[in-house]
>>> print(open('final28.txt').read())   # compact mmCIF, N, CA and C atoms
# COMPACT_ATOMS: atom_id res chain seq x y z
N MET A 1 67.36 -126.61 63.21
CA MET A 1 66.75 -126.93 64.49
C MET A 1 67.72 -126.55 65.60
N GLU A 2 67.21 -125.87 66.61
CA GLU A 2 68.05 -125.42 67.72
C GLU A 2 68.38 -126.59 68.64
N LYS A 3 69.64 -126.70 69.02
CA LYS A 3 70.06 -127.76 69.95
C LYS A 3 69.55 -127.45 71.35
N THR A 4 69.07 -128.44 72.02
CA THR A 4 68.62 -128.29 73.40
C THR A 4 69.71 -128.76 74.34
N ASP A 5 69.58 -128.41 75.62
CA ASP A 5 70.55 -128.87 76.61
C ASP A 5 70.50 -130.39 76.72
N PRO A 6 71.64 -131.00 76.98
CA PRO A 6 71.65 -132.46 77.14
C PRO A 6 70.80 -132.91 78.32
N ARG A 7 70.17 -134.05 78.16
CA ARG A 7 69.36 -134.66 79.21
C ARG A 7 69.78 -136.11 79.35
N ILE A 8 69.53 -136.67 80.50
CA ILE A 8 69.70 -138.10 80.71
C ILE A 8 68.34 -138.73 80.44
N ALA A 9 68.34 -139.82 79.70
CA ALA A 9 67.08 -140.49 79.39
C ALA A 9 67.31 -141.99 79.25
N VAL A 10 66.21 -142.71 79.39
CA VAL A 10 66.21 -144.15 79.15
C VAL A 10 65.16 -144.40 78.07
N ILE A 11 65.54 -145.13 77.04
CA ILE A 11 64.57 -145.58 76.05
C ILE A 11 64.34 -147.06 76.29
N GLY A 12 63.09 -147.42 76.54
CA GLY A 12 62.70 -148.82 76.66
C GLY A 12 62.22 -149.31 75.30
N ILE A 13 62.71 -150.46 74.88
CA ILE A 13 62.38 -151.00 73.56
C ILE A 13 61.91 -152.44 73.73
N ILE A 14 60.80 -152.78 73.11
CA ILE A 14 60.32 -154.16 73.08
C ILE A 14 60.25 -154.58 71.62
N ILE A 15 60.96 -155.64 71.30
CA ILE A 15 60.99 -156.16 69.93
C ILE A 15 60.14 -157.43 69.90
N GLU A 16 58.99 -157.34 69.23
CA GLU A 16 58.11 -158.51 69.10
C GLU A 16 58.38 -159.27 67.81
N ASP A 17 58.93 -158.60 66.81
CA ASP A 17 59.29 -159.22 65.54
C ASP A 17 60.80 -159.34 65.50
N ARG A 18 61.29 -160.52 65.76
CA ARG A 18 62.74 -160.73 65.88
C ARG A 18 63.51 -160.32 64.62
N GLU A 19 62.86 -160.34 63.48
CA GLU A 19 63.51 -159.94 62.23
C GLU A 19 63.85 -158.45 62.21
N LYS A 20 63.29 -157.67 63.13
CA LYS A 20 63.57 -156.23 63.20
C LYS A 20 64.78 -155.92 64.08
N ALA A 21 65.36 -156.93 64.71
CA ALA A 21 66.49 -156.70 65.63
C ALA A 21 67.66 -156.04 64.92
N GLU A 22 67.93 -156.43 63.69
CA GLU A 22 69.05 -155.83 62.95
C GLU A 22 68.81 -154.35 62.69
N GLN A 23 67.57 -153.97 62.37
CA GLN A 23 67.25 -152.56 62.15
C GLN A 23 67.35 -151.76 63.45
N VAL A 24 66.93 -152.36 64.55
CA VAL A 24 67.04 -151.70 65.86
C VAL A 24 68.52 -151.45 66.17
N ASN A 25 69.34 -152.48 66.01
CA ASN A 25 70.77 -152.34 66.30
C ASN A 25 71.43 -151.32 65.38
N SER A 26 70.99 -151.24 64.13
CA SER A 26 71.53 -150.26 63.20
C SER A 26 71.21 -148.83 63.67
N LEU A 27 69.98 -148.60 64.10
CA LEU A 27 69.61 -147.28 64.62
C LEU A 27 70.41 -146.94 65.88
N LEU A 28 70.56 -147.90 66.78
CA LEU A 28 71.33 -147.65 68.00
C LEU A 28 72.78 -147.33 67.65
N HIS A 29 73.32 -147.99 66.64
CA HIS A 29 74.69 -147.71 66.21
C HIS A 29 74.81 -146.28 65.68
N GLN A 30 73.81 -145.81 64.94
CA GLN A 30 73.81 -144.45 64.39
C GLN A 30 73.86 -143.40 65.50
N TYR A 31 73.25 -143.70 66.64
CA TYR A 31 73.19 -142.77 67.76
C TYR A 31 74.19 -143.13 68.86
N GLY A 32 75.15 -143.97 68.53
CA GLY A 32 76.10 -144.51 69.51
C GLY A 32 76.86 -143.46 70.30
N GLU A 33 77.14 -142.31 69.73
CA GLU A 33 77.90 -141.28 70.45
C GLU A 33 77.15 -140.76 71.67
N TYR A 34 75.83 -140.95 71.74
CA TYR A 34 75.01 -140.46 72.85
C TYR A 34 74.69 -141.55 73.87
N ILE A 35 74.97 -142.81 73.53
CA ILE A 35 74.58 -143.93 74.39
C ILE A 35 75.61 -144.14 75.49
N ILE A 36 75.13 -144.13 76.73
CA ILE A 36 75.98 -144.38 77.90
C ILE A 36 76.09 -145.89 78.12
N GLY A 37 74.97 -146.59 77.95
CA GLY A 37 74.96 -148.03 78.14
C GLY A 37 73.65 -148.63 77.69
N ARG A 38 73.65 -149.94 77.56
CA ARG A 38 72.42 -150.63 77.16
C ARG A 38 72.39 -152.01 77.80
N MET A 39 71.17 -152.51 77.97
CA MET A 39 70.98 -153.85 78.52
C MET A 39 69.89 -154.53 77.70
N GLY A 40 70.18 -155.73 77.25
CA GLY A 40 69.19 -156.49 76.49
C GLY A 40 68.82 -157.76 77.23
N ILE A 41 67.52 -158.05 77.21
CA ILE A 41 67.01 -159.25 77.86
C ILE A 41 66.15 -160.03 76.87
N PRO A 42 66.60 -161.22 76.47
CA PRO A 42 65.73 -162.05 75.64
C PRO A 42 64.72 -162.77 76.54
N TYR A 43 63.45 -162.56 76.28
CA TYR A 43 62.39 -163.22 77.06
C TYR A 43 61.82 -164.33 76.18
N ARG A 44 62.52 -165.46 76.20
CA ARG A 44 62.21 -166.55 75.28
C ARG A 44 60.81 -167.11 75.46
N GLU A 45 60.33 -167.18 76.69
CA GLU A 45 59.00 -167.73 76.94
C GLU A 45 57.90 -166.95 76.23
N LYS A 46 58.11 -165.65 76.06
CA LYS A 46 57.13 -164.78 75.39
C LYS A 46 57.57 -164.42 73.97
N GLN A 47 58.74 -164.88 73.57
CA GLN A 47 59.31 -164.63 72.25
C GLN A 47 59.41 -163.13 71.93
N VAL A 48 59.92 -162.37 72.91
CA VAL A 48 60.20 -160.95 72.72
C VAL A 48 61.59 -160.65 73.25
N ASN A 49 62.14 -159.55 72.81
CA ASN A 49 63.41 -159.05 73.33
C ASN A 49 63.16 -157.68 73.91
N ILE A 50 63.73 -157.42 75.07
CA ILE A 50 63.56 -156.14 75.76
C ILE A 50 64.93 -155.49 75.88
N ILE A 51 65.02 -154.22 75.49
CA ILE A 51 66.28 -153.49 75.54
C ILE A 51 66.06 -152.18 76.27
N SER A 52 66.96 -151.86 77.19
CA SER A 52 66.99 -150.54 77.84
C SER A 52 68.24 -149.84 77.36
N VAL A 53 68.08 -148.61 76.91
CA VAL A 53 69.21 -147.82 76.41
C VAL A 53 69.25 -146.51 77.21
N VAL A 54 70.40 -146.21 77.82
CA VAL A 54 70.57 -144.97 78.57
C VAL A 54 71.37 -144.01 77.72
N LEU A 55 70.86 -142.77 77.59
CA LEU A 55 71.50 -141.77 76.75
C LEU A 55 71.76 -140.49 77.52
N ASP A 56 72.76 -139.76 77.07
CA ASP A 56 73.03 -138.39 77.51
C ASP A 56 73.07 -137.58 76.22
N ALA A 57 71.96 -136.90 75.91
CA ALA A 57 71.82 -136.26 74.61
C ALA A 57 70.80 -135.14 74.68
N PRO A 58 70.80 -134.25 73.69
CA PRO A 58 69.74 -133.25 73.62
C PRO A 58 68.38 -133.95 73.46
N ALA A 59 67.34 -133.34 74.00
CA ALA A 59 66.01 -133.94 73.98
C ALA A 59 65.53 -134.24 72.56
N ASP A 60 65.89 -133.39 71.60
CA ASP A 60 65.44 -133.64 70.22
C ASP A 60 66.10 -134.89 69.64
N ILE A 61 67.32 -135.18 70.03
CA ILE A 61 68.01 -136.40 69.57
C ILE A 61 67.34 -137.63 70.19
N ILE A 62 67.07 -137.56 71.48
CA ILE A 62 66.42 -138.68 72.18
C ILE A 62 65.05 -138.96 71.56
N SER A 63 64.29 -137.90 71.35
CA SER A 63 62.96 -138.04 70.75
C SER A 63 63.03 -138.62 69.35
N ALA A 64 64.00 -138.18 68.56
CA ALA A 64 64.15 -138.69 67.20
C ALA A 64 64.45 -140.19 67.20
N LEU A 65 65.35 -140.62 68.07
CA LEU A 65 65.68 -142.04 68.14
C LEU A 65 64.48 -142.86 68.59
N ALA A 66 63.81 -142.42 69.65
CA ALA A 66 62.64 -143.16 70.15
C ALA A 66 61.56 -143.24 69.08
N GLY A 67 61.37 -142.16 68.33
CA GLY A 67 60.37 -142.15 67.27
C GLY A 67 60.71 -143.10 66.14
N LYS A 68 61.97 -143.09 65.72
CA LYS A 68 62.40 -143.99 64.65
C LYS A 68 62.25 -145.45 65.06
N LEU A 69 62.59 -145.74 66.30
CA LEU A 69 62.44 -147.11 66.80
C LEU A 69 60.96 -147.52 66.82
N GLY A 70 60.13 -146.63 67.34
CA GLY A 70 58.71 -146.93 67.48
C GLY A 70 57.97 -147.07 66.15
N ARG A 71 58.52 -146.49 65.09
CA ARG A 71 57.88 -146.61 63.78
C ARG A 71 58.21 -147.92 63.07
N LEU A 72 59.16 -148.67 63.60
CA LEU A 72 59.46 -149.98 63.01
C LEU A 72 58.33 -150.94 63.34
N PRO A 73 57.79 -151.65 62.34
CA PRO A 73 56.74 -152.63 62.64
C PRO A 73 57.28 -153.71 63.59
N GLY A 74 56.48 -154.07 64.57
CA GLY A 74 56.90 -155.10 65.52
C GLY A 74 57.81 -154.61 66.62
N VAL A 75 58.01 -153.28 66.72
CA VAL A 75 58.87 -152.69 67.73
C VAL A 75 58.10 -151.59 68.46
N SER A 76 58.18 -151.59 69.79
CA SER A 76 57.60 -150.52 70.60
C SER A 76 58.72 -149.83 71.36
N SER A 77 58.60 -148.51 71.53
CA SER A 77 59.62 -147.79 72.30
C SER A 77 58.98 -146.64 73.06
N LYS A 78 59.63 -146.27 74.16
CA LYS A 78 59.17 -145.17 74.99
C LYS A 78 60.38 -144.56 75.68
N ALA A 79 60.45 -143.22 75.67
CA ALA A 79 61.56 -142.52 76.32
C ALA A 79 61.10 -141.95 77.65
N ILE A 80 61.97 -142.04 78.64
CA ILE A 80 61.75 -141.44 79.95
C ILE A 80 62.92 -140.50 80.20
N TYR A 81 62.61 -139.23 80.49
CA TYR A 81 63.63 -138.20 80.65
C TYR A 81 63.86 -137.83 82.11
N SER A 82 65.08 -137.40 82.42
CA SER A 82 65.34 -136.83 83.74
C SER A 82 64.48 -135.57 83.88
N LYS A 83 64.12 -135.23 85.11
CA LYS A 83 63.24 -134.07 85.32
C LYS A 83 63.92 -132.75 84.98
N GLU A 84 65.21 -132.67 85.20
CA GLU A 84 65.94 -131.46 84.87
C GLU A 84 67.28 -131.83 84.28
N LYS A 85 67.88 -130.87 83.59
CA LYS A 85 69.18 -131.19 83.02
C LYS A 85 70.17 -131.46 84.15
N ILE A 86 71.04 -132.41 83.93
CA ILE A 86 72.01 -132.82 84.95
C ILE A 86 73.37 -132.29 84.52
N THR A 87 73.97 -131.52 85.39
CA THR A 87 75.29 -130.97 85.09
C THR A 87 76.36 -131.91 85.62
N GLY A 88 77.59 -131.51 85.53
CA GLY A 88 78.71 -132.33 85.99
C GLY A 88 78.98 -132.18 87.46
N ARG A 89 77.98 -131.86 88.27
CA ARG A 89 78.21 -131.67 89.71
C ARG A 89 78.71 -132.96 90.34
N ASN A 90 79.51 -132.81 91.37
CA ASN A 90 80.07 -133.95 92.10
C ASN A 90 79.04 -134.38 93.14
N LEU A 91 78.47 -135.56 92.97
CA LEU A 91 77.43 -136.02 93.88
C LEU A 91 77.98 -136.47 95.22
N ASP A 92 79.30 -136.75 95.31
CA ASP A 92 79.88 -137.21 96.56
C ASP A 92 79.87 -136.12 97.65
N ASN A 93 80.11 -134.90 97.26
CA ASN A 93 80.17 -133.85 98.27
C ASN A 93 79.04 -132.83 98.14
N GLY A 94 78.04 -133.14 97.30
CA GLY A 94 76.87 -132.28 97.20
C GLY A 94 77.07 -130.99 96.43
N LYS A 95 78.20 -130.79 95.77
CA LYS A 95 78.45 -129.56 95.02
C LYS A 95 78.07 -129.70 93.58
>>> encode(input="final28.txt", output="structure tokens")
Amino acid sequence: MEKTDPRIAVIGIIIEDREKAEQVNSLLHQYGEYIIGRMGIPYREKQVNIISVVLDAPADIISALAGKLGRLPGVSSKAIYSKEKITGRNLDNGK
């Protein structure tokens, strides 16, 4: 499979079956080299956990992770990609 240019993306994850949290964390660990950061919110009133994961990775890697997460029973996931590849330009001076 040909590698694609790196993209910035956010994967939103909703865990409705708390027993799947360990599998979710295991998958995130496998893709850890691409993860910039993550935020988890336990929504106790609704008995769900919500996780946002920000990645800098080729689109095929992002898609693979989102797909693996979404195939877990009791887990939903969706990836949102940057519109274009983001280079190392300095945003402070517009270059």
>>> atom_distance(input="final28.txt", atom1="atom CA of A:Ile41", atom2="atom N of A:Ile8")
22.9 Å
>>> closest_residue(input="final28.txt", among="A:Val75, A:Leu55, A:Leu65, A:Met39", to="A:Glu16", atoms="only N, CA and C atoms")
A:Val75
>>> residues_around(input="final28.txt", residues="stretch 31-37 of chain A", least_positions_apart="6", cutoff="12 Å", atoms="only C-alpha atoms", output="JSON, numbers by chain")
{"A": [6, 7, 8, 9, 10, 11, 24, 25, 51, 52, 53, 54, 55, 56, 57, 58, 59, 61, 62, 63, 64, 65, 66, 68, 69]}
>>> write_last_selection(input="final28.txt", atoms="N, CA and C atoms", output="tab-separated table (two decimals), keeping the file's coordinate frame")
chain	number	residue	atom	x	y	z
A	6	PRO	N	71.64	-131.00	76.98
A	6	PRO	CA	71.65	-132.46	77.14
A	6	PRO	C	70.80	-132.91	78.32
A	7	ARG	N	70.17	-134.05	78.16
A	7	ARG	CA	69.36	-134.66	79.21
A	7	ARG	C	69.78	-136.11	79.35
A	8	ILE	N	69.53	-136.67	80.50
A	8	ILE	CA	69.70	-138.10	80.71
A	8	ILE	C	68.34	-138.73	80.44
A	9	ALA	N	68.34	-139.82	79.70
A	9	ALA	CA	67.08	-140.49	79.39
A	9	ALA	C	67.31	-141.99	79.25
A	10	VAL	N	66.21	-142.71	79.39
A	10	VAL	CA	66.21	-144.15	79.15
A	10	VAL	C	65.16	-144.40	78.07
A	11	ILE	N	65.54	-145.13	77.04
A	11	ILE	CA	64.57	-145.58	76.05
A	11	ILE	C	64.34	-147.06	76.29
A	24	VAL	N	66.93	-152.36	64.55
A	24	VAL	CA	67.04	-151.70	65.86
A	24	VAL	C	68.52	-151.45	66.17
A	25	ASN	N	69.34	-152.48	66.01
A	25	ASN	CA	70.77	-152.34	66.30
A	25	ASN	C	71.43	-151.32	65.38
A	51	ILE	N	65.02	-154.22	75.49
A	51	ILE	CA	66.28	-153.49	75.54
A	51	ILE	C	66.06	-152.18	76.27
A	52	SER	N	66.96	-151.86	77.19
A	52	SER	CA	66.99	-150.54	77.84
A	52	SER	C	68.24	-149.84	77.36
A	53	VAL	N	68.08	-148.61	76.91
A	53	VAL	CA	69.21	-147.82	76.41
A	53	VAL	C	69.25	-146.51	77.21
A	54	VAL	N	70.40	-146.21	77.82
A	54	VAL	CA	70.57	-144.97	78.57
A	54	VAL	C	71.37	-144.01	77.72
A	55	LEU	N	70.86	-142.77	77.59
A	55	LEU	CA	71.50	-141.77	76.75
A	55	LEU	C	71.76	-140.49	77.52
A	56	ASP	N	72.76	-139.76	77.07
A	56	ASP	CA	73.03	-138.39	77.51
A	56	ASP	C	73.07	-137.58	76.22
A	57	ALA	N	71.96	-136.90	75.91
A	57	ALA	CA	71.82	-136.26	74.61
A	57	ALA	C	70.80	-135.14	74.68
A	58	PRO	N	70.80	-134.25	73.69
A	58	PRO	CA	69.74	-133.25	73.62
A	58	PRO	C	68.38	-133.95	73.46
A	59	ALA	N	67.34	-133.34	74.00
A	59	ALA	CA	66.01	-133.94	73.98
A	59	ALA	C	65.53	-134.24	72.56
A	61	ILE	N	67.32	-135.18	70.03
A	61	ILE	CA	68.01	-136.40	69.57
A	61	ILE	C	67.34	-137.63	70.19
A	62	ILE	N	67.07	-137.56	71.48
A	62	ILE	CA	66.42	-138.68	72.18
A	62	ILE	C	65.05	-138.96	71.56
A	63	SER	N	64.29	-137.90	71.35
A	63	SER	CA	62.96	-138.04	70.75
A	63	SER	C	63.03	-138.62	69.35
A	64	ALA	N	64.00	-138.18	68.56
A	64	ALA	CA	64.15	-138.69	67.20
A	64	ALA	C	64.45	-140.19	67.20
A	65	LEU	N	65.35	-140.62	68.07
A	65	LEU	CA	65.68	-142.04	68.14
A	65	LEU	C	64.48	-142.86	68.59
A	66	ALA	N	63.81	-142.42	69.65
A	66	ALA	CA	62.64	-143.16	70.15
A	66	ALA	C	61.56	-143.24	69.08
A	68	LYS	N	61.97	-143.09	65.72
A	68	LYS	CA	62.40	-143.99	64.65
A	68	LYS	C	62.25	-145.45	65.06
A	69	LEU	N	62.59	-145.74	66.30
A	69	LEU	CA	62.44	-147.11	66.80
A	69	LEU	C	60.96	-147.52	66.82
>>> select_by_dssp(input="final28.txt", residues="chain A", states="alpha helix (DSSP H)", output="list in words")
Ala21, Glu22, Gln23, Val24, Asn25, Ser26, Leu27, Leu28, His29, Gln30, Ala59, Asp60, Ile61, Ile62, Ser63, Ala64, Leu65, Ala66, Gly67, Lys68, Leu69 and Gly70 of chain A
>>> atom_distance(input="final28.txt", atom1="atom CA of A:Ile13", atom2="atom CA of A:Tyr81")
14.7 Å
>>> atom_distance(input="final28.txt", atom1="atom CA of A:Gly12", atom2="atom N of A:Lys78")
4.7 Å
>>> residues_around(input="final28.txt", residues="A:Pro73", least_positions_apart="3", cutoff="8 Å", atoms="all atoms listed in the file", output="list in words")
Ile15, Glu16, Asp17, Lys20, Leu69, Gly70 and Ser76 of chain A
>>> select_by_dssp(input="final28.txt", residues="chain A", states="strand (DSSP E)", output="PyMOL selection string")
chain A and resi 6-15+35-43+48-58+75-81
>>> residues_near_point(input="final28.txt", point="(60.5, -164.3, 72.1)", cutoff="8 Å", atoms="all atoms listed in the file", output="ChimeraX atom specification")
/A:15-18,42-49
>>> decode(input="final28.txt", residues="stretch 12-34 of chain A", atoms="C-alpha atoms", output="JSON list (two decimals), in the first residue's frame")
[["chain", "number", "residue", "atom", "x", "y", "z"],
["A", 12, "GLY", "CA", -14.10, 11.16, 17.90],
["A", 13, "ILE", "CA", -14.87, 8.01, 19.89],
["A", 14, "ILE", "CA", -17.95, 7.20, 21.96],
["A", 15, "ILE", "CA", -17.76, 4.14, 24.17],
["A", 16, "GLU", "CA", -21.21, 2.90, 25.19],
["A", 17, "ASP", "CA", -19.98, -0.49, 26.46],
["A", 18, "ARG", "CA", -17.51, 0.28, 29.22],
["A", 19, "GLU", "CA", -16.03, -3.22, 28.95],
["A", 20, "LYS", "CA", -14.59, -2.19, 25.54],
["A", 21, "ALA", "CA", -12.45, 0.60, 27.06],
["A", 22, "GLU", "CA", -9.43, -1.70, 27.41],
["A", 23, "GLN", "CA", -9.64, -2.69, 23.72],
["A", 24, "VAL", "CA", -9.95, 0.98, 22.70],
["A", 25, "ASN", "CA", -6.89, 1.90, 24.77],
["A", 26, "SER", "CA", -4.96, -1.03, 23.30],
["A", 27, "LEU", "CA", -5.67, 0.18, 19.75],
["A", 28, "LEU", "CA", -4.70, 3.74, 20.65],
["A", 29, "HIS", "CA", -1.46, 2.41, 22.13],
["A", 30, "GLN", "CA", -0.70, 0.55, 18.87],
["A", 31, "TYR", "CA", -1.01, 3.83, 16.95],
["A", 32, "GLY", "CA", 0.70, 5.92, 19.65],
["A", 33, "GLU", "CA", 3.51, 7.15, 17.39],
["A", 34, "TYR", "CA", 0.92, 9.16, 15.38]]
